[in-house]
$ cat protein07.cif   # mmCIF, C-alpha atoms
data_model
loop_
_atom_site.label_atom_id
_atom_site.label_comp_id
_atom_site.auth_asym_id
_atom_site.auth_seq_id
_atom_site.Cartn_x
_atom_site.Cartn_y
_atom_site.Cartn_z
CA LEU B 19 -20.90 -2.83 11.47
CA ILE B 20 -19.95 -2.31 7.83
CA TYR B 21 -16.34 -1.48 8.75
CA THR B 22 -16.15 -4.64 10.86
CA ILE B 23 -17.61 -6.74 8.05
CA ALA B 24 -15.18 -5.17 5.57
CA GLY B 25 -12.26 -5.92 7.88
CA PHE B 26 -13.28 -9.56 8.27
CA MET B 27 -13.89 -9.95 4.54
CA LEU B 28 -10.52 -8.48 3.61
CA LYS B 29 -8.66 -10.63 6.15
CA GLY B 30 -10.68 -13.66 5.04
CA ILE B 31 -9.91 -13.11 1.37
CA ASN B 32 -6.20 -12.79 2.09
CA PHE B 33 -6.32 -15.86 4.33
CA LEU B 34 -7.99 -17.91 1.56
CA VAL B 35 -5.49 -16.77 -1.07
CA PHE B 36 -2.41 -17.53 1.06
CA PRO B 37 -2.34 -21.27 0.14
CA ILE B 38 -2.62 -20.43 -3.57
CA PHE B 39 0.37 -18.10 -3.52
CA SER B 40 2.36 -20.45 -1.31
CA ARG B 41 1.94 -23.17 -3.97
CA LEU B 42 2.65 -20.93 -6.96
CA LEU B 43 5.73 -19.28 -5.48
CA THR B 44 8.90 -20.97 -4.30
CA PRO B 45 9.82 -20.30 -0.67
CA ASP B 46 12.52 -17.90 -1.93
CA ASP B 47 10.06 -16.04 -4.16
CA TYR B 48 7.50 -15.84 -1.35
CA GLY B 49 10.18 -14.58 1.02
CA ILE B 50 11.36 -11.88 -1.37
CA ALA B 51 7.78 -10.69 -1.93
CA ASN B 52 7.21 -10.53 1.83
CA VAL B 53 10.50 -8.71 2.48
CA PHE B 54 9.50 -6.22 -0.20
CA SER B 55 6.11 -5.80 1.46
CA VAL B 56 7.68 -5.16 4.87
CA TRP B 57 9.96 -2.48 3.43
CA VAL B 58 7.02 -0.87 1.65
CA GLY B 59 5.27 -0.67 5.01
CA PHE B 60 8.37 0.90 6.56
CA ILE B 61 8.60 3.48 3.78
CA VAL B 62 4.90 4.31 4.16
CA VAL B 63 5.44 5.11 7.83
CA PHE B 64 8.64 7.05 7.19
CA GLY B 65 7.41 8.83 4.06
CA SER B 66 4.03 9.85 5.36
CA VAL B 67 4.99 10.49 8.97
CA GLN B 68 1.56 8.94 9.59
CA LEU B 69 -0.16 12.24 8.80
CA ASN B 70 -3.41 10.41 8.06
CA ALA B 71 -3.69 9.82 11.82
CA CYS B 72 -4.61 13.49 12.31
CA ILE B 73 -7.65 13.23 10.01
CA PRO B 74 -10.17 12.07 12.68
CA THR B 75 -9.25 14.92 15.03
CA ALA B 76 -9.19 17.42 12.18
CA LYS B 77 -12.65 16.32 11.05
CA ILE B 78 -14.02 17.17 14.49
CA LYS B 79 -12.09 20.38 15.21
CA LEU B 80 -11.72 22.09 11.84
CA LYS B 81 -14.23 23.83 9.61
CA ASN B 82 -14.97 22.15 6.26
CA ASN B 83 -12.68 24.40 4.22
CA GLU B 84 -9.86 24.04 6.78
CA TYR B 85 -10.35 20.26 6.78
CA GLU B 86 -10.13 20.12 2.99
CA ASP B 87 -7.04 22.37 3.05
CA LEU B 88 -5.42 19.99 5.55
CA ILE B 89 -6.02 17.02 3.24
CA VAL B 90 -4.50 18.89 0.29
CA THR B 91 -1.53 19.84 2.48
CA ILE B 92 -1.06 16.23 3.59
CA LEU B 93 -1.18 15.02 -0.01
CA SER B 94 1.24 17.73 -1.16
CA TYR B 95 3.68 17.12 1.67
CA THR B 96 3.70 13.34 1.26
CA THR B 97 4.03 13.58 -2.52
CA ILE B 98 7.09 15.81 -2.11
CA LEU B 99 8.54 13.55 0.59
CA PHE B 100 7.93 10.40 -1.44
CA THR B 101 9.51 12.05 -4.50
CA ILE B 102 12.62 12.86 -2.46
CA LEU B 103 12.68 9.31 -1.08
CA THR B 104 12.32 7.91 -4.58
CA LEU B 105 15.25 9.99 -5.83
CA ILE B 106 17.40 8.91 -2.86
CA LEU B 107 16.47 5.26 -3.40
CA ILE B 108 17.23 5.51 -7.13
CA VAL B 109 20.64 7.07 -6.50
CA PHE B 110 21.54 4.50 -3.85
CA LYS B 111 19.52 1.60 -5.23
CA GLY B 112 22.53 -0.73 -5.51
CA VAL B 113 23.50 -0.26 -1.89
CA ILE B 114 19.89 -0.47 -0.71
CA ALA B 115 19.17 -3.55 -2.83
CA ASN B 116 22.20 -5.33 -1.35
CA PHE B 117 21.20 -4.30 2.17
CA ILE B 118 17.60 -5.46 1.77
CA GLY B 119 18.46 -8.47 -0.38
CA ILE B 120 16.27 -7.72 -3.39
CA ASN B 121 16.81 -6.89 -7.07
CA GLU B 122 17.87 -3.29 -7.80
CA ASN B 123 14.92 -2.77 -10.14
CA LEU B 124 12.50 -3.39 -7.28
CA VAL B 125 13.91 -0.61 -5.12
CA SER B 126 12.28 2.07 -7.28
CA LEU B 127 8.98 0.24 -7.14
CA MET B 128 9.09 0.30 -3.34
CA THR B 129 8.53 4.04 -3.07
CA ILE B 130 5.93 4.07 -5.81
CA GLN B 131 3.97 1.30 -4.13
CA SER B 132 4.47 3.03 -0.77
CA LEU B 133 3.03 6.28 -2.08
CA PHE B 134 -0.03 4.55 -3.51
CA SER B 135 -0.43 2.56 -0.31
CA PHE B 136 -0.43 5.78 1.69
CA VAL B 137 -2.89 7.49 -0.66
CA THR B 138 -5.21 4.48 -0.39
CA SER B 139 -4.95 4.56 3.39
CA LEU B 140 -5.56 8.31 3.46
CA TYR B 141 -8.60 7.96 1.22
CA SER B 142 -9.97 5.14 3.37
CA THR B 143 -9.55 7.31 6.47
CA ILE B 144 -11.37 10.17 4.76
CA LEU B 145 -14.22 7.88 3.73
CA ILE B 146 -14.53 6.58 7.28
CA GLN B 147 -14.57 10.12 8.73
CA ASN B 148 -17.15 11.21 6.15
CA LYS B 149 -19.29 8.19 7.10
CA GLU B 150 -19.24 6.85 3.54
CA ASP B 151 -19.28 3.24 4.68
CA LYS B 152 -20.65 1.68 1.50
CA LYS B 153 -18.08 3.45 -0.66
CA TYR B 154 -15.35 2.34 1.75
CA LEU B 155 -16.55 -1.27 1.58
CA ILE B 156 -16.72 -1.32 -2.22
CA ILE B 157 -13.33 0.30 -2.71
CA SER B 158 -11.64 -1.89 -0.09
CA ILE B 159 -12.97 -5.14 -1.48
CA LEU B 160 -12.46 -4.10 -5.10
CA SER B 161 -8.84 -3.05 -4.53
CA THR B 162 -8.09 -6.27 -2.63
CA LEU B 163 -9.65 -8.43 -5.32
CA LEU B 164 -7.87 -6.55 -8.12
CA ASN B 165 -4.57 -6.91 -6.28
CA ILE B 166 -5.10 -10.66 -5.94
CA VAL B 167 -6.33 -11.23 -9.50
CA ILE B 168 -3.56 -9.18 -11.11
CA SER B 169 -0.94 -10.80 -8.86
CA LEU B 170 -2.22 -14.30 -9.70
CA ILE B 171 -2.26 -13.61 -13.43
CA LEU B 172 1.27 -12.22 -13.36
CA VAL B 173 2.63 -14.99 -11.12
CA ILE B 174 1.13 -17.69 -13.36
CA ALA B 175 2.32 -15.94 -16.55
CA MET B 176 5.93 -15.57 -15.41
CA LYS B 177 8.38 -18.40 -15.96
CA GLU B 178 11.07 -16.98 -13.69
CA TYR B 179 11.09 -14.42 -10.90
CA LYS B 180 7.46 -15.07 -10.01
CA TYR B 181 7.83 -12.83 -6.96
CA VAL B 182 7.95 -9.87 -9.37
CA GLY B 183 4.41 -10.76 -10.47
CA LYS B 184 3.20 -10.68 -6.87
CA ILE B 185 4.97 -7.38 -6.23
CA ILE B 186 3.74 -5.68 -9.41
CA GLY B 187 0.23 -6.96 -8.72
CA GLY B 188 0.39 -5.13 -5.40
#

$ encode --input "protein07.cif" --output "structure tokens"
Amino acid sequence: LIYTIAGFMLKGINFLVFPIFSRLLTPDDYGIANVFSVWVGFIVVFGSVQLNACIPTAKIKLKNNEYEDLIVTILSYTTILFTILTLILIVFKGVIANFIGINENLVSLMTIQSLFSFVTSLYSTILIQNKEDKKYLIISILSTLLNIVISLILVIAMKEYKYVGKIIGG
């Protein structure tokens, strides 16, 4: 029940904030921020190979110390993979920026945000498997609200390139 409530609350918060961002950002700015977000999602899938999907099965089949070792291995592997991806993106950021249609400086942020997005997702999965529903609810709502508040402050504070405020807030 708590996970369902959390899901509805998070979707509801984002739904309520959509009109605010659509008024503060130009259509171009909003589009760039969304394109950035889509590529972050792609990098999360590619960079993590969706290893967090094995957590539920591992929780059931592995002993506690093996389960904890698996989580450390997942974090180590994804950190190494994201570091390699970041280096590749930095070296080829001009080409990638032109291909995606965003500023070169944002390319480096994509892998950083992707890594943190994966770590957040991994931690949420661990909390769910450990049946720490209240902690999951608090962290989920708090991170969503912080994302929105920081993004709004940055978007309002910026004179130009307001999409950068939304991206950095994320």

$ resolve_selection --input "protein07.cif" --expression "the PyMOL selection byres ((chain B and resi 45-56) around 10)" --output "PyMOL selection string"
chain B and resi 39-44+57-62+118-121+124-125+127-128+131-132+178-186+188

$ atom_distance --input "protein07.cif" --atom1 "atom CA of Ile89 of chain B" --atom2 "atom CA of Tyr21 of chain B"
21.9 Å

$ closest_residue --input "protein07.cif" --among "B:Ser135, B:Gln147, B:Asn83, B:Thr101" --to "Thr162 of chain B" --atoms "only C-alpha atoms"
B:Ser135

$ atom_distance --input "protein07.cif" --atom1 "atom CA of Pro74 of chain B" --atom2 "atom CA of Leu28 of chain B"
22.5 Å

$ atom_distance --input "protein07.cif" --atom1 "atom CA of Leu164 of chain B" --atom2 "atom CA of Val35 of chain B"
12.6 Å

$ closest_residue --input "protein07.cif" --among "B:Val90, B:Ala175, B:Leu34, B:Ala71" --to "Ser139 of chain B" --atoms "all atoms listed in the file"
B:Ala71

$ closest_residue --input "protein07.cif" --among "B:Leu103, B:Leu19, B:Ile159, B:Ile146" --to "Gly65 of chain B" --atoms "only C-alpha atoms"
B:Leu103

$ axis_aligned_box --input "protein07.cif" --around "segment 167-172 of chain B" --padding-each-side "6 Å" --output "AutoDock Vina command-line options"
--center_x -2.5 --center_y -11.7 --center_z -11.1 --size_x 19.6 --size_y 17.1 --size_z 16.6

$ closest_residue --input "protein07.cif" --among "B:Phe33, B:Ile166, B:Ser126, B:Ser66" --to "Gly187 of chain B" --atoms "all atoms listed in the file"
B:Ile166

$ resolve_selection --input "protein07.cif" --expression "the PyMOL selection byres ((chain B and resi 85) around 12)" --output "CSV table (one decimal) with C-alpha atoms, in the frame of the given file"
chain,number,residue,atom,x,y,z
B,72,CYS,CA,-4.6,13.5,12.3
B,73,ILE,CA,-7.6,13.2,10.0
B,74,PRO,CA,-10.2,12.1,12.7
B,75,THR,CA,-9.2,14.9,15.0
B,76,ALA,CA,-9.2,17.4,12.2
B,77,LYS,CA,-12.6,16.3,11.0
B,78,ILE,CA,-14.0,17.2,14.5
B,79,LYS,CA,-12.1,20.4,15.2
B,80,LEU,CA,-11.7,22.1,11.8
B,81,LYS,CA,-14.2,23.8,9.6
B,82,ASN,CA,-15.0,22.2,6.3
B,83,ASN,CA,-12.7,24.4,4.2
B,84,GLU,CA,-9.9,24.0,6.8
B,86,GLU,CA,-10.1,20.1,3.0
B,87,ASP,CA,-7.0,22.4,3.0
B,88,LEU,CA,-5.4,20.0,5.6
B,89,ILE,CA,-6.0,17.0,3.2
B,90,VAL,CA,-4.5,18.9,0.3
B,91,THR,CA,-1.5,19.8,2.5
B,92,ILE,CA,-1.1,16.2,3.6
B,144,ILE,CA,-11.4,10.2,4.8
B,147,GLN,CA,-14.6,10.1,8.7
B,148,ASN,CA,-17.2,11.2,6.2

$ residues_around --input "protein07.cif" --residues "Leu99 of chain B" --least-positions-apart "6" --cutoff "10 Å" --atoms "all atoms listed in the file" --output "mmCIF file with C-alpha atoms, in the coordinates of the input"
data_model
loop_
_atom_site.group_PDB
_atom_site.id
_atom_site.type_symbol
_atom_site.label_atom_id
_atom_site.label_comp_id
_atom_site.auth_asym_id
_atom_site.auth_seq_id
_atom_site.Cartn_x
_atom_site.Cartn_y
_atom_site.Cartn_z
ATOM 1 C CA PHE B 64 8.640 7.050 7.190
ATOM 2 C CA GLY B 65 7.410 8.830 4.060
ATOM 3 C CA SER B 66 4.030 9.850 5.360
ATOM 4 C CA VAL B 67 4.990 10.490 8.970
ATOM 5 C CA LEU B 93 -1.180 15.020 -0.010
ATOM 6 C CA LEU B 105 15.250 9.990 -5.830
ATOM 7 C CA LEU B 133 3.030 6.280 -2.080
#

$ decode --input "protein07.cif" --residues "segment 33-69 of chain B" --atoms "N, CA, C and O atoms" --output "JSON list (two decimals), in the first residue's frame"
[["chain", "number", "residue", "atom", "x", "y", "z"],
["B", 33, "PHE", "N", 3.00, 15.81, -12.04],
["B", 33, "PHE", "CA", 1.88, 16.27, -12.86],
["B", 33, "PHE", "C", 1.51, 17.71, -12.49],
["B", 33, "PHE", "O", 1.24, 18.54, -13.36],
["B", 34, "LEU", "N", 1.52, 18.03, -11.20],
["B", 34, "LEU", "CA", 1.17, 19.38, -10.75],
["B", 34, "LEU", "C", 2.25, 20.41, -11.11],
["B", 34, "LEU", "O", 1.94, 21.59, -11.31],
["B", 35, "VAL", "N", 3.48, 19.98, -11.18],
["B", 35, "VAL", "CA", 4.59, 20.89, -11.47],
["B", 35, "VAL", "C", 4.75, 21.15, -12.97],
["B", 35, "VAL", "O", 5.29, 22.17, -13.37],
["B", 36, "PHE", "N", 4.25, 20.24, -13.79],
["B", 36, "PHE", "CA", 4.38, 20.37, -15.25],
["B", 36, "PHE", "C", 3.93, 21.75, -15.75],
["B", 36, "PHE", "O", 4.67, 22.39, -16.51],
["B", 37, "PRO", "N", 2.75, 22.25, -15.36],
["B", 37, "PRO", "CA", 2.34, 23.57, -15.87],
["B", 37, "PRO", "C", 3.27, 24.71, -15.44],
["B", 37, "PRO", "O", 3.45, 25.68, -16.18],
["B", 38, "ILE", "N", 3.87, 24.58, -14.29],
["B", 38, "ILE", "CA", 4.79, 25.63, -13.81],
["B", 38, "ILE", "C", 6.02, 25.68, -14.71],
["B", 38, "ILE", "O", 6.41, 26.75, -15.18],
["B", 39, "PHE", "N", 6.62, 24.52, -14.95],
["B", 39, "PHE", "CA", 7.81, 24.49, -15.81],
["B", 39, "PHE", "C", 7.46, 24.87, -17.25],
["B", 39, "PHE", "O", 8.26, 25.52, -17.92],
["B", 40, "SER", "N", 6.29, 24.47, -17.71],
["B", 40, "SER", "CA", 5.94, 24.81, -19.09],
["B", 40, "SER", "C", 5.73, 26.31, -19.27],
["B", 40, "SER", "O", 5.85, 26.84, -20.37],
["B", 41, "ARG", "N", 5.42, 27.03, -18.20],
["B", 41, "ARG", "CA", 5.30, 28.49, -18.27],
["B", 41, "ARG", "C", 6.66, 29.18, -18.10],
["B", 41, "ARG", "O", 6.90, 30.24, -18.68],
["B", 42, "LEU", "N", 7.51, 28.62, -17.28],
["B", 42, "LEU", "CA", 8.82, 29.24, -17.01],
["B", 42, "LEU", "C", 9.82, 29.00, -18.13],
["B", 42, "LEU", "O", 10.72, 29.81, -18.34],
["B", 43, "LEU", "N", 9.68, 27.89, -18.83],
["B", 43, "LEU", "CA", 10.62, 27.55, -19.89],
["B", 43, "LEU", "C", 10.00, 27.80, -21.26],
["B", 43, "LEU", "O", 8.81, 27.58, -21.44],
["B", 44, "THR", "N", 10.81, 28.23, -22.20],
["B", 44, "THR", "CA", 10.34, 28.34, -23.57],
["B", 44, "THR", "C", 10.15, 26.92, -24.11],
["B", 44, "THR", "O", 10.72, 25.97, -23.56],
["B", 45, "PRO", "N", 9.40, 26.78, -25.19],
["B", 45, "PRO", "CA", 9.27, 25.43, -25.77],
["B", 45, "PRO", "C", 10.63, 24.82, -26.13],
["B", 45, "PRO", "O", 10.83, 23.62, -25.94],
["B", 46, "ASP", "N", 11.56, 25.64, -26.62],
["B", 46, "ASP", "CA", 12.89, 25.14, -26.94],
["B", 46, "ASP", "C", 13.61, 24.66, -25.68],
["B", 46, "ASP", "O", 14.22, 23.58, -25.67],
["B", 47, "ASP", "N", 13.57, 25.47, -24.62],
["B", 47, "ASP", "CA", 14.21, 25.09, -23.36],
["B", 47, "ASP", "C", 13.61, 23.80, -22.81],
["B", 47, "ASP", "O", 14.32, 22.90, -22.35],
["B", 48, "TYR", "N", 12.29, 23.72, -22.83],
["B", 48, "TYR", "CA", 11.60, 22.53, -22.32],
["B", 48, "TYR", "C", 11.99, 21.31, -23.14],
["B", 48, "TYR", "O", 12.23, 20.23, -22.60],
["B", 49, "GLY", "N", 12.07, 21.49, -24.46],
["B", 49, "GLY", "CA", 12.46, 20.40, -25.34],
["B", 49, "GLY", "C", 13.87, 19.91, -25.08],
["B", 49, "GLY", "O", 14.13, 18.71, -25.03],
["B", 50, "ILE", "N", 14.79, 20.85, -24.90],
["B", 50, "ILE", "CA", 16.19, 20.48, -24.63],
["B", 50, "ILE", "C", 16.28, 19.71, -23.31],
["B", 50, "ILE", "O", 16.98, 18.69, -23.22],
["B", 51, "ALA", "N", 15.59, 20.19, -22.28],
["B", 51, "ALA", "CA", 15.60, 19.51, -20.98],
["B", 51, "ALA", "C", 15.03, 18.10, -21.11],
["B", 51, "ALA", "O", 15.56, 17.15, -20.51],
["B", 52, "ASN", "N", 13.99, 17.93, -21.90],
["B", 52, "ASN", "CA", 13.39, 16.60, -22.08],
["B", 52, "ASN", "C", 14.29, 15.68, -22.91],
["B", 52, "ASN", "O", 14.39, 14.49, -22.62],
["B", 53, "VAL", "N", 14.93, 16.23, -23.95],
["B", 53, "VAL", "CA", 15.87, 15.43, -24.74],
["B", 53, "VAL", "C", 17.01, 14.95, -23.84],
["B", 53, "VAL", "O", 17.41, 13.79, -23.87],
["B", 54, "PHE", "N", 17.51, 15.86, -23.02],
["B", 54, "PHE", "CA", 18.56, 15.51, -22.06],
["B", 54, "PHE", "C", 18.09, 14.37, -21.16],
["B", 54, "PHE", "O", 18.81, 13.40, -20.95],
["B", 55, "SER", "N", 16.89, 14.49, -20.66],
["B", 55, "SER", "CA", 16.33, 13.49, -19.75],
["B", 55, "SER", "C", 16.20, 12.12, -20.43],
["B", 55, "SER", "O", 16.50, 11.09, -19.82],
["B", 56, "VAL", "N", 15.78, 12.12, -21.67],
["B", 56, "VAL", "CA", 15.66, 10.86, -22.42],
["B", 56, "VAL", "C", 17.03, 10.20, -22.58],
["B", 56, "VAL", "O", 17.18, 8.99, -22.38],
["B", 57, "TRP", "N", 18.05, 10.99, -22.92],
["B", 57, "TRP", "CA", 19.39, 10.44, -23.07],
["B", 57, "TRP", "C", 19.96, 9.96, -21.75],
["B", 57, "TRP", "O", 20.70, 8.98, -21.71],
["B", 58, "VAL", "N", 19.62, 10.64, -20.67],
["B", 58, "VAL", "CA", 20.06, 10.17, -19.35],
["B", 58, "VAL", "C", 19.46, 8.79, -19.10],
["B", 58, "VAL", "O", 20.15, 7.87, -18.65],
["B", 59, "GLY", "N", 18.18, 8.63, -19.40],
["B", 59, "GLY", "CA", 17.53, 7.33, -19.24],
["B", 59, "GLY", "C", 18.20, 6.25, -20.08],
["B", 59, "GLY", "O", 18.39, 5.11, -19.62],
["B", 60, "PHE", "N", 18.57, 6.59, -21.31],
["B", 60, "PHE", "CA", 19.26, 5.65, -22.18],
["B", 60, "PHE", "C", 20.61, 5.25, -21.59],
["B", 60, "PHE", "O", 20.97, 4.07, -21.58],
["B", 61, "ILE", "N", 21.34, 6.22, -21.09],
["B", 61, "ILE", "CA", 22.66, 5.94, -20.51],
["B", 61, "ILE", "C", 22.53, 5.09, -19.25],
["B", 61, "ILE", "O", 23.36, 4.21, -19.00],
["B", 62, "VAL", "N", 21.47, 5.33, -18.47],
["B", 62, "VAL", "CA", 21.25, 4.51, -17.27],
["B", 62, "VAL", "C", 21.09, 3.05, -17.66],
["B", 62, "VAL", "O", 21.70, 2.16, -17.07],
["B", 63, "VAL", "N", 20.29, 2.80, -18.67],
["B", 63, "VAL", "CA", 20.06, 1.42, -19.12],
["B", 63, "VAL", "C", 21.36, 0.82, -19.66],
["B", 63, "VAL", "O", 21.74, -0.29, -19.30],
["B", 64, "PHE", "N", 22.05, 1.57, -20.50],
["B", 64, "PHE", "CA", 23.28, 1.08, -21.10],
["B", 64, "PHE", "C", 24.39, 0.94, -20.06],
["B", 64, "PHE", "O", 25.12, -0.06, -20.05],
["B", 65, "GLY", "N", 24.54, 1.91, -19.20],
["B", 65, "GLY", "CA", 25.63, 1.93, -18.22],
["B", 65, "GLY", "C", 25.45, 0.97, -17.07],
["B", 65, "GLY", "O", 26.43, 0.52, -16.48],
["B", 66, "SER", "N", 24.23, 0.64, -16.75],
["B", 66, "SER", "CA", 24.00, -0.24, -15.61],
["B", 66, "SER", "C", 23.66, -1.66, -16.03],
["B", 66, "SER", "O", 23.65, -2.56, -15.20],
["B", 67, "VAL", "N", 23.38, -1.83, -17.29],
["B", 67, "VAL", "CA", 22.94, -3.11, -17.84],
["B", 67, "VAL", "C", 21.77, -3.65, -17.00],
["B", 67, "VAL", "O", 21.58, -4.85, -16.88],
["B", 68, "GLN", "N", 21.05, -2.74, -16.38],
["B", 68, "GLN", "CA", 19.89, -3.05, -15.55],
["B", 68, "GLN", "C", 20.19, -4.11, -14.49],
["B", 68, "GLN", "O", 19.38, -4.99, -14.21],
["B", 69, "LEU", "N", 21.37, -4.01, -13.88],
["B", 69, "LEU", "CA", 21.77, -4.98, -12.87],
["B", 69, "LEU", "C", 20.89, -4.93, -11.62],
["B", 69, "LEU", "O", 20.81, -5.93, -10.90]]
